[in-house]
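Undergrad: Following this line is data26.csv, made up of CSV, C-alpha atoms:
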chain,number,residue,atom,x,y,z
A,1,MET,CA,-73.7,40.8,-17.8
A,2,SER,CA,-71.5,37.8,-17.2
A,3,LYS,CA,-70.9,35.2,-14.5
A,4,VAL,CA,-67.9,33.2,-13.4
A,5,LYS,CA,-68.8,29.9,-11.9
A,6,TYR,CA,-66.2,27.9,-10.0
A,7,PHE,CA,-66.3,24.9,-7.9
A,8,LYS,CA,-65.3,24.7,-4.2
A,9,SER,CA,-63.0,21.7,-4.7
A,10,ASN,CA,-61.1,23.2,-7.6
A,11,VAL,CA,-60.7,26.9,-6.8
A,12,PRO,CA,-59.2,29.0,-9.7
A,13,TYR,CA,-57.2,31.4,-7.6
A,14,GLY,CA,-55.7,33.1,-10.6
A,15,VAL,CA,-59.1,33.9,-12.1
A,16,LEU,CA,-60.4,35.2,-8.8
A,17,ALA,CA,-57.3,37.4,-8.5
A,18,ALA,CA,-57.6,38.8,-12.1
A,19,HIS,CA,-61.3,39.6,-11.3
A,20,ALA,CA,-60.3,41.4,-8.1
A,21,ILE,CA,-57.6,43.4,-9.8
A,22,GLY,CA,-59.3,44.2,-13.2
A,23,LYS,CA,-62.8,44.6,-11.8
A,24,PRO,CA,-64.5,43.8,-15.1
A,25,GLU,CA,-67.9,45.5,-15.4
A,26,LYS,CA,-71.1,43.6,-14.7
A,27,CYS,CA,-69.3,40.4,-13.9
A,28,ILE,CA,-70.1,38.4,-10.8
A,29,VAL,CA,-68.4,35.4,-9.3
A,30,VAL,CA,-70.3,32.4,-7.7
A,31,SER,CA,-69.0,29.2,-6.2
A,32,LEU,CA,-70.7,25.9,-6.5
A,33,PRO,CA,-70.3,22.4,-5.1
A,34,GLY,CA,-68.2,20.1,-7.3
A,35,THR,CA,-64.8,19.7,-8.9
A,36,ASP,CA,-65.2,20.9,-12.5
A,37,VAL,CA,-63.1,23.6,-14.1
A,38,PRO,CA,-64.4,27.2,-14.0
A,39,ASP,CA,-66.4,28.7,-16.8
A,40,LEU,CA,-67.6,32.2,-17.8
A,41,THR,CA,-71.1,32.5,-19.0
A,42,PHE,CA,-72.9,35.5,-20.6
A,43,LEU,CA,-76.5,36.6,-20.6
A,44,LYS,CA,-76.1,37.4,-24.3
A,45,THR,CA,-75.7,34.7,-27.0
A,46,TYR,CA,-71.9,34.5,-26.6
A,47,THR,CA,-70.4,31.1,-26.3
A,48,PRO,CA,-69.4,30.4,-22.7
A,49,LEU,CA,-65.6,30.4,-22.0
A,50,ARG,CA,-64.3,27.4,-20.2
A,51,GLY,CA,-61.1,27.0,-18.2
A,52,SER,CA,-58.9,29.4,-16.3
A,53,ALA,CA,-56.6,30.3,-19.2
A,54,SER,CA,-59.5,31.4,-21.5
A,55,ILE,CA,-61.1,33.4,-18.7
A,56,LEU,CA,-57.8,35.1,-17.8
A,57,ARG,CA,-57.3,36.1,-21.4
A,58,TYR,CA,-60.8,37.5,-21.5
A,59,PHE,CA,-60.3,39.5,-18.3
A,60,ALA,CA,-57.0,40.9,-19.6
A,61,ARG,CA,-58.6,42.1,-22.8
A,62,MET,CA,-61.7,43.5,-21.1
A,63,THR,CA,-59.7,45.5,-18.5
A,64,PRO,CA,-56.9,47.2,-20.4
A,65,ASP,CA,-56.3,49.8,-17.7
A,66,ALA,CA,-55.1,47.0,-15.4
A,67,THR,CA,-52.4,46.1,-18.1
A,68,LEU,CA,-52.8,42.4,-17.3
A,69,TYR,CA,-51.5,41.5,-20.7
A,70,GLY,CA,-48.3,43.5,-20.0
A,71,SER,CA,-48.5,45.9,-22.9
A,72,THR,CA,-49.9,46.2,-26.4
A,73,ASP,CA,-46.7,44.7,-27.8
A,74,PRO,CA,-47.7,41.5,-29.6
A,75,HIS,CA,-44.4,39.9,-28.6
A,76,VAL,CA,-45.1,40.5,-24.9
A,77,GLN,CA,-48.7,39.3,-25.3
A,78,THR,CA,-47.6,36.1,-27.0
A,79,GLN,CA,-45.1,35.4,-24.2
A,80,VAL,CA,-48.0,35.8,-21.7
A,81,ASP,CA,-50.0,33.3,-23.8
A,82,GLU,CA,-47.1,30.9,-23.8
A,83,VAL,CA,-47.0,30.9,-20.0
A,84,LEU,CA,-50.8,30.4,-19.9
A,85,ASP,CA,-50.4,27.4,-22.2
A,86,PHE,CA,-47.6,26.0,-20.0
A,87,VAL,CA,-49.8,26.3,-16.9
A,88,THR,CA,-52.7,24.5,-18.7
A,89,ILE,CA,-50.6,21.7,-20.3
A,90,GLU,CA,-47.8,21.2,-17.7
A,91,LEU,CA,-48.1,22.9,-14.4
A,92,ALA,CA,-51.7,22.3,-13.5
A,93,PRO,CA,-52.1,18.7,-14.8
A,94,HIS,CA,-48.9,17.6,-13.0
A,95,GLN,CA,-49.9,19.4,-9.8
A,96,CYS,CA,-46.8,21.6,-9.7
A,97,ASP,CA,-44.3,18.7,-9.9
A,98,ASN,CA,-40.5,19.3,-9.7
A,99,VAL,CA,-40.0,19.4,-13.4
A,100,SER,CA,-42.7,22.1,-13.9
A,101,LEU,CA,-41.5,24.1,-11.0
A,102,GLU,CA,-37.9,23.9,-12.1
A,103,GLU,CA,-38.9,25.5,-15.4
A,104,ILE,CA,-40.7,28.4,-13.6
A,105,ASN,CA,-37.8,28.7,-11.2
A,106,ALA,CA,-35.3,29.1,-14.0
A,107,ARG,CA,-37.4,31.6,-15.8
A,108,LEU,CA,-37.6,33.8,-12.6
A,109,ALA,CA,-33.9,33.6,-11.9
A,110,LEU,CA,-33.3,37.1,-13.3
A,111,ARG,CA,-36.8,38.4,-13.4
A,112,THR,CA,-39.2,40.1,-11.1
A,113,TYR,CA,-42.3,39.1,-13.1
A,114,LEU,CA,-42.7,36.1,-15.5
A,115,VAL,CA,-43.2,38.3,-18.5
A,116,GLY,CA,-42.2,42.0,-19.0
A,117,ARG,CA,-41.9,44.5,-16.2
A,118,SER,CA,-45.3,44.4,-14.6
A,119,LEU,CA,-47.9,42.0,-13.2
A,120,THR,CA,-49.7,40.0,-15.9
A,121,VAL,CA,-52.2,37.1,-16.1
A,122,ALA,CA,-49.1,34.9,-16.6
A,123,ASP,CA,-48.1,35.7,-13.0
A,124,LEU,CA,-51.7,35.2,-11.7
A,125,ALA,CA,-52.1,31.9,-13.5
A,126,VAL,CA,-48.9,30.4,-12.1
A,127,TRP,CA,-49.5,32.0,-8.6
A,128,GLY,CA,-53.0,30.5,-8.6
A,129,THR,CA,-51.9,27.0,-9.6
A,130,ILE,CA,-49.1,26.9,-7.0
A,131,THR,CA,-51.5,28.3,-4.4
A,132,ALA,CA,-54.0,25.5,-5.2
A,133,ASN,CA,-51.2,23.0,-4.6
A,134,LEU,CA,-49.4,24.8,-1.7
A,135,ASP,CA,-49.9,22.0,0.8
A,136,ALA,CA,-47.8,19.7,-1.4
A,137,VAL,CA,-45.1,22.1,-2.4
A,138,SER,CA,-44.7,24.7,0.4
A,139,ALA,CA,-42.0,22.8,2.2
A,140,VAL,CA,-39.7,22.5,-0.9
A,141,LEU,CA,-40.2,26.0,-2.3
A,142,PRO,CA,-37.6,27.9,-0.1
A,143,THR,CA,-34.8,25.3,-0.7
A,144,LYS,CA,-35.4,23.7,-4.1
A,145,PHE,CA,-37.1,26.6,-5.9
A,146,PRO,CA,-35.8,29.8,-4.2
A,147,HIS,CA,-36.7,32.1,-7.1
A,148,VAL,CA,-40.3,30.9,-7.1
A,149,HIS,CA,-40.4,31.3,-3.3
A,150,ARG,CA,-39.0,34.9,-3.6
A,151,TRP,CA,-41.4,35.7,-6.4
A,152,MET,CA,-44.4,34.3,-4.4
A,153,THR,CA,-43.4,36.4,-1.4
A,154,PHE,CA,-43.0,39.5,-3.6
A,155,LEU,CA,-46.4,39.1,-5.1
A,156,HIS,CA,-48.1,38.8,-1.7
A,157,ASP,CA,-46.2,41.9,-0.5
A,158,THR,CA,-47.1,44.1,-3.5
A,159,VAL,CA,-50.5,42.8,-4.7
A,160,PRO,CA,-53.1,43.2,-1.9
A,161,GLU,CA,-55.8,41.6,-4.0
A,162,LEU,CA,-54.1,38.2,-3.6
A,163,GLN,CA,-54.7,38.2,0.1
A,164,THR,CA,-58.3,39.4,-0.5
A,165,VAL,CA,-58.9,36.4,-2.6
A,166,LEU,CA,-57.4,34.0,-0.1
A,167,ASP,CA,-59.5,35.5,2.7
A,168,ASP,CA,-62.6,35.2,0.6
A,169,VAL,CA,-62.0,31.6,-0.3
A,170,SER,CA,-61.0,30.7,3.2
A,171,GLY,CA,-64.4,31.9,4.4
A,172,VAL,CA,-65.8,28.6,3.0
A,173,ALA,CA,-63.1,26.7,4.8
A,174,LYS,CA,-63.8,28.6,8.0
A,175,ALA,CA,-67.5,27.8,7.8
A,176,LYS,CA,-66.6,24.1,7.4
A,177,ALA,CA,-64.2,24.2,10.3
A,178,ALA,CA,-66.8,25.9,12.5
A,179,ALA,CA,-69.3,23.2,11.6
A,180,ALA,CA,-66.8,20.5,12.3
A,181,ALA,CA,-65.9,22.1,15.6
A,182,ALA,CA,-69.5,22.3,16.6
A,183,GLU,CA,-70.0,18.7,15.7
A,184,LYS,CA,-66.9,17.7,17.7
A,185,ALA,CA,-68.1,19.8,20.7
A,186,LYS,CA,-71.5,18.1,20.5
A,187,GLY,CA,-69.9,14.7,20.5
A,188,LYS,CA,-67.8,15.7,23.6
A,189,LYS,CA,-70.8,17.0,25.4
A,190,GLU,CA,-72.7,13.8,24.7
A,191,ALA,CA,-69.7,11.8,25.9
A,192,GLY,CA,-69.4,13.9,29.1
A,193,VAL,CA,-66.0,15.4,28.1
A,194,LYS,CA,-65.4,18.9,29.3
A,195,ASP,CA,-64.4,21.4,26.5
A,196,THR,CA,-61.6,23.6,27.7
A,197,GLY,CA,-61.6,25.7,24.6
A,198,PRO,CA,-58.8,26.4,22.0
A,199,THR,CA,-55.3,26.5,23.3
A,200,GLY,CA,-51.9,27.4,21.8
A,201,SER,CA,-48.5,26.1,22.7
A,202,PHE,CA,-44.8,26.2,21.5
A,203,ASP,CA,-44.2,22.9,23.3
A,204,ASN,CA,-43.6,20.9,20.0
A,205,LEU,CA,-41.1,23.5,18.6
A,206,LYS,CA,-37.8,22.1,19.7
A,207,LEU,CA,-34.4,23.3,18.5
A,208,GLU,CA,-32.4,20.3,17.4
A,209,GLY,CA,-28.9,20.2,18.9
A,210,ALA,CA,-29.6,23.3,21.1
A,211,LYS,CA,-27.6,23.4,24.4
A,212,GLU,CA,-28.9,24.9,27.6
A,213,GLY,CA,-27.4,28.3,28.2
A,214,ALA,CA,-25.9,28.6,24.7
A,215,VAL,CA,-29.0,29.7,22.7
A,216,VAL,CA,-29.1,33.4,21.6
A,217,THR,CA,-32.1,34.8,19.8
A,218,ARG,CA,-32.8,38.3,18.6
A,219,PHE,CA,-35.8,40.4,17.7
A,220,PRO,CA,-34.8,43.1,15.2
A,221,PRO,CA,-37.7,45.5,14.6
A,222,GLU,CA,-37.3,48.6,12.4
A,223,PRO,CA,-38.5,51.6,14.3
A,224,SER,CA,-40.4,53.0,11.4
A,225,GLY,CA,-43.9,52.1,12.6
A,226,TYR,CA,-45.8,50.3,15.4
A,227,MET,CA,-45.8,46.6,16.0
A,228,HIS,CA,-48.2,44.4,14.0
A,229,ILE,CA,-49.2,40.7,14.4
A,230,GLY,CA,-46.1,39.5,12.5
A,231,HIS,CA,-43.8,41.3,14.9
A,232,VAL,CA,-45.7,39.8,17.8
A,233,LYS,CA,-45.3,36.2,16.5
A,234,ALA,CA,-41.6,36.7,15.9
A,235,ALA,CA,-41.0,38.3,19.3
A,236,LEU,CA,-42.9,35.6,21.2
A,237,LEU,CA,-41.1,32.8,19.4
A,238,ASN,CA,-37.7,34.2,19.9
A,239,ASN,CA,-38.5,34.9,23.6
A,240,TYR,CA,-39.8,31.3,24.0
A,241,TYR,CA,-36.5,29.8,22.7
A,242,ALA,CA,-34.3,32.1,24.8
A,243,ARG,CA,-36.2,31.3,28.0
A,244,SER,CA,-36.7,27.5,27.3
A,245,TYR,CA,-32.9,27.0,26.9
A,246,LYS,CA,-31.9,29.5,29.6
A,247,GLY,CA,-30.2,31.6,26.9
A,248,LYS,CA,-30.6,35.3,26.1
A,249,LEU,CA,-32.8,37.5,23.9
A,250,ILE,CA,-31.3,40.5,22.1
A,251,LEU,CA,-33.5,43.3,21.1
A,252,ARG,CA,-31.9,45.1,18.2
A,253,PHE,CA,-33.5,48.1,16.6
A,254,ASP,CA,-32.6,48.1,12.9
A,255,ASP,CA,-32.3,51.9,12.6
A,256,THR,CA,-30.9,52.0,9.1
A,257,ASN,CA,-33.5,54.3,7.5
A,258,PRO,CA,-33.5,57.6,9.4
A,259,SER,CA,-36.0,59.2,7.1
A,260,LYS,CA,-38.8,56.9,8.4
A,261,GLU,CA,-37.7,56.3,12.0
A,262,LYS,CA,-38.9,58.0,15.2
A,263,VAL,CA,-38.1,57.8,18.9
A,264,GLU,CA,-41.9,57.5,19.3
A,265,TYR,CA,-41.8,54.1,17.6
A,266,VAL,CA,-38.9,52.9,19.7
A,267,ASP,CA,-40.8,53.8,22.9
A,268,ASN,CA,-44.0,52.1,21.7
A,269,ILE,CA,-42.2,48.9,20.7
A,270,MET,CA,-40.5,48.7,24.1
A,271,GLU,CA,-43.8,49.3,25.9
A,272,ASP,CA,-45.6,46.7,23.7
A,273,LEU,CA,-43.0,44.1,24.5
A,274,LYS,CA,-43.5,44.7,28.2
A,275,THR,CA,-47.2,44.2,27.8
A,276,LEU,CA,-46.5,40.8,26.1
A,277,GLY,CA,-44.3,39.8,29.0
A,278,ILE,CA,-41.2,39.8,26.8
A,279,HIS,CA,-38.0,41.1,28.5
A,280,HIS,CA,-34.8,41.4,26.5
A,281,ASP,CA,-31.3,40.6,27.9
A,282,GLU,CA,-29.5,43.0,25.7
A,283,LEU,CA,-30.5,46.2,23.8
A,284,ARG,CA,-28.6,47.0,20.6
A,285,TYR,CA,-28.9,49.4,17.6
A,286,THR,CA,-27.7,48.5,14.1
A,287,SER,CA,-26.3,52.0,13.8
A,288,ASP,CA,-23.8,51.2,16.6
A,289,TRP,CA,-22.2,48.8,14.2
A,290,PHE,CA,-21.9,51.1,11.2
A,291,PRO,CA,-18.1,51.5,11.6
A,292,LYS,CA,-17.6,47.7,11.7
A,293,ILE,CA,-20.0,47.2,8.8
A,294,GLU,CA,-18.1,49.7,6.7
A,295,GLU,CA,-14.8,48.1,7.6
A,296,LEU,CA,-16.1,44.7,6.5
A,297,ALA,CA,-17.5,46.2,3.3
A,298,TRP,CA,-14.1,47.6,2.4
A,299,GLN,CA,-12.5,44.2,3.1
A,300,ILE,CA,-15.0,42.5,0.7
A,301,ILE,CA,-14.5,45.1,-2.0
A,302,LYS,CA,-10.7,45.0,-1.8
A,303,SER,CA,-10.8,41.2,-2.0
A,304,GLY,CA,-12.6,41.5,-5.3
A,305,LYS,CA,-15.8,39.9,-4.0
A,306,ALA,CA,-18.0,43.0,-4.3
A,307,TYR,CA,-18.1,46.2,-6.3
A,308,VAL,CA,-19.5,49.7,-6.0
A,309,ASP,CA,-22.4,50.5,-8.2
A,310,ASN,CA,-23.8,54.1,-8.5
A,311,THR,CA,-26.4,53.3,-11.2
A,312,PRO,CA,-29.6,55.3,-10.5
A,313,VAL,CA,-32.2,53.3,-8.7
A,314,ASP,CA,-34.8,53.4,-11.5
A,315,LYS,CA,-32.2,52.3,-14.1
A,316,MET,CA,-30.9,49.6,-11.8
A,317,ARG,CA,-34.4,48.2,-11.3
A,318,GLU,CA,-35.0,48.2,-15.1
A,319,MET,CA,-31.8,46.4,-15.8
A,320,ARG,CA,-32.5,43.8,-13.2
A,321,GLY,CA,-35.9,43.2,-14.6
A,322,GLU,CA,-34.4,42.6,-18.1
A,323,GLY,CA,-31.5,40.5,-16.7
A,324,ILE,CA,-28.9,43.0,-17.9
A,325,GLU,CA,-25.6,42.9,-16.1
A,326,SER,CA,-24.4,46.2,-14.5
A,327,PRO,CA,-21.5,47.8,-16.3
A,328,HIS,CA,-19.9,48.4,-12.9
A,329,ARG,CA,-19.6,44.7,-12.2
A,330,ALA,CA,-16.3,44.7,-14.3
A,331,ASN,CA,-14.8,47.6,-12.3
A,332,SER,CA,-11.3,47.0,-11.1
A,333,ILE,CA,-10.6,47.0,-7.3
A,334,GLU,CA,-8.8,50.3,-7.7
A,335,LYS,CA,-11.8,51.8,-9.5
A,336,ASN,CA,-14.1,50.6,-6.7
A,337,CYS,CA,-11.9,52.2,-4.1
A,338,GLU,CA,-11.8,55.6,-5.7
Mind converting the file's structure to structure tokens?

TA:
Amino acid sequence: MSKVKYFKSNVPYGVLAAHAIGKPEKCIVVSLPGTDVPDLTFLKTYTPLRGSASILRYFARMTPDATLYGSTDPHVQTQVDEVLDFVTIELAPHQCDNVSLEEINARLALRTYLVGRSLTVADLAVWGTITANLDAVSAVLPTKFPHVHRWMTFLHDTVPELQTVLDDVSGVAKAKAAAAAAEKAKGKKEAGVKDTGPTGSFDNLKLEGAKEGAVVTRFPPEPSGYMHIGHVKAALLNNYYARSYKGKLILRFDDTNPSKEKVEYVDNIMEDLKTLGIHHDELRYTSDWFPKIEELAWQIIKSGKAYVDNTPVDKMREMRGEGIESPHRANSIEKNCE
């Protein structure tokens, strides 16, 4: 039996993610007040492990089926250790400063994962540290560190346990927010101020330089499923800007994947938009533009700015992960046009 103790003011997101993914046997997680680093204690006489890096290494070794060390290759495992050391010595102490993030960004330029071809504790350690400092760095990630931003998005899309961790941790924050809201409501009641409840508004979301009548927005769902909350947010925001500036909203179905698309989904999306009070000004389908898209593609190829690559998907993914340039990249224009 073992127990991970962490402190609410210093959440080890990477450790929690590794615990959620690896599911080490007879290991529980508890949170305590304070700011100290996490530790892993044992009911036996083992010496406790202290700090995120040590606990991550332990989880990776205790849950080999999760392959959180990447592989049994000593070279790969050593690379993972190097990243863990970097997080401990540079990234975490400097709270994800520009120098540290630039090094991570450069490493991810040609990689899907930080080490090897699969998720490892190296990814979880860096993800956890950036997540802990997200308030300070979220605004600069898309522009200054695009590879880090792309990698963070990819991890959230492919590793559901990360969102589980965030939801679990935010439960503490939600409890605090609820207590604060109750205290605020109590203060208002005592002061005789009527509480009108929570409200939402787009009023502060202005488009700099926008001209009335010239704003065009678009909502481009893929008709391969029903609308979810992300679709709703995007549709409402685009509709808001179109109406606020007396412009127009284009509804464009991105029907580029016929194997997954159905008329049923198109009909349901249209009906859901009506329910939300969203009315488009134009209806388009990406497939209507296929001839034009093909024409432009040939123009780019013939100008030498693009090439045709028929490498099998699995091989292409492997080469991309290793940073290997496609042999077709050197094709002549004539070869690409065959």

Undergrad: What is the distance between CA of Asp65 (chain A) and CA of Phe86 (chain A), in Å to one decimal?

TA: 25.4 Å

Undergrad: For Tyr113 (chain A), which residue among A:Ser259, A:Ser287, A:Thr158, A:Thr41 is the nearest when counting all atoms listed in the file?

TA: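 Among A:Ser259, A:Ser287, A:Thr158, A:Thr41, it is A:Thr158 that comes nearest to Tyr113 (chain A).
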
Undergrad: Extract, using all atoms listed in the file, all DNA, RNA and protein residues at most 12 Å from Leu124 (chain A), discarding same-chain residues fewer than 4 positions from it, and format them as a PyMOL selection string.

TA: chain A and resi 12-22+52-53+55-57+59-60+68-69+80+83-84+87+113-115+118-120+128-132+151-152+155-156+159+161-162+165

Undergrad: Around (-14.9, 49.4, -0.2), as given in the file, which residues come within 12 Å? Count all atoms listed in the file and list them as a list of chain:residue names.

TA: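 Those within range, by chain then number, are A:Ile293, A:Glu294, A:Glu295, A:Leu296, A:Ala297, A:Trp298, A:Gln299, A:Ile300, A:Ile301, A:Lys302, A:Ser303, A:Gly304, A:Lys305, A:Ala306, A:Tyr307, A:Val308, A:Asp309, A:Ser332, A:Ile333, A:Glu334, A:Lys335, A:Asn336, A:Cys337, A:Glu338.
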
Undergrad: Can you measure CA of Ala122 (chain A) to CA of Asp314 (chain A) for me? One decimal in Å is fine.

TA: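 Interatomic distance here is 23.9 Å.
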
Undergrad: Quote the spacing between CA of Gln79 (chain A) and CA of Gly51 (chain A) in Å to one decimal place.

TA: 19.0 Å

Undergrad: Pick out the closest residue to Lys315 (chain A) from this set: A:Lys233, A:Lys246, A:Pro327, A:Asn133. Count only C-alpha atoms.

TA: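 Selected residue with least distance to Lys315 (chain A): A:Pro327.
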
Undergrad: Choose the residue, out of A:Val4, A:Ala66, A:Ala125, A:Val11, that has the smallest atom-to-atom separation from Lys26 (chain A); count all atoms listed in the file.

TA: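 Among the listed residues, the smallest separation from Lys26 (chain A) belongs to A:Val4.
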
Undergrad: Name the residues in contact with Leu40 (chain A) at a cut-off of 8 Å, using only C-alpha atoms, excluding same-chain residues fewer than 2 positions from it; report them as a PyMOL selection string.

TA: chain A and resi 2-5+38+42+48-50+55

Undergrad: Which residue out of A:Leu101, A:Leu249, A:Val266, A:Cys96 has the minimum interatomic distance to Pro146 (chain A) when all atoms listed in the file are used?

TA: A:Leu101

Undergrad: Please identify all polymer residues within 12 Å of Lys211 (chain A), counting only C-alpha atoms, omitting same-chain residues fewer than 6 positions from it, and present them as JSON, numbers by chain.

TA: {"A": [241, 242, 244, 245, 246, 247]}

Undergrad: Take the residues from that selection and write them out as a PDB file, in the frame of the given file, keeping C-alpha atoms.

TA:
ATOM      1  CA  TYR A 241     -36.500  29.800  22.700  1.00  0.00           C
ATOM      2  CA  ALA A 242     -34.300  32.100  24.800  1.00  0.00           C
ATOM      3  CA  SER A 244     -36.700  27.500  27.300  1.00  0.00           C
ATOM      4  CA  TYR A 245     -32.900  27.000  26.900  1.00  0.00           C
ATOM      5  CA  LYS A 246     -31.900  29.500  29.600  1.00  0.00           C
ATOM      6  CA  GLY A 247     -30.200  31.600  26.900  1.00  0.00           C
TER       7      GLY A 247
END
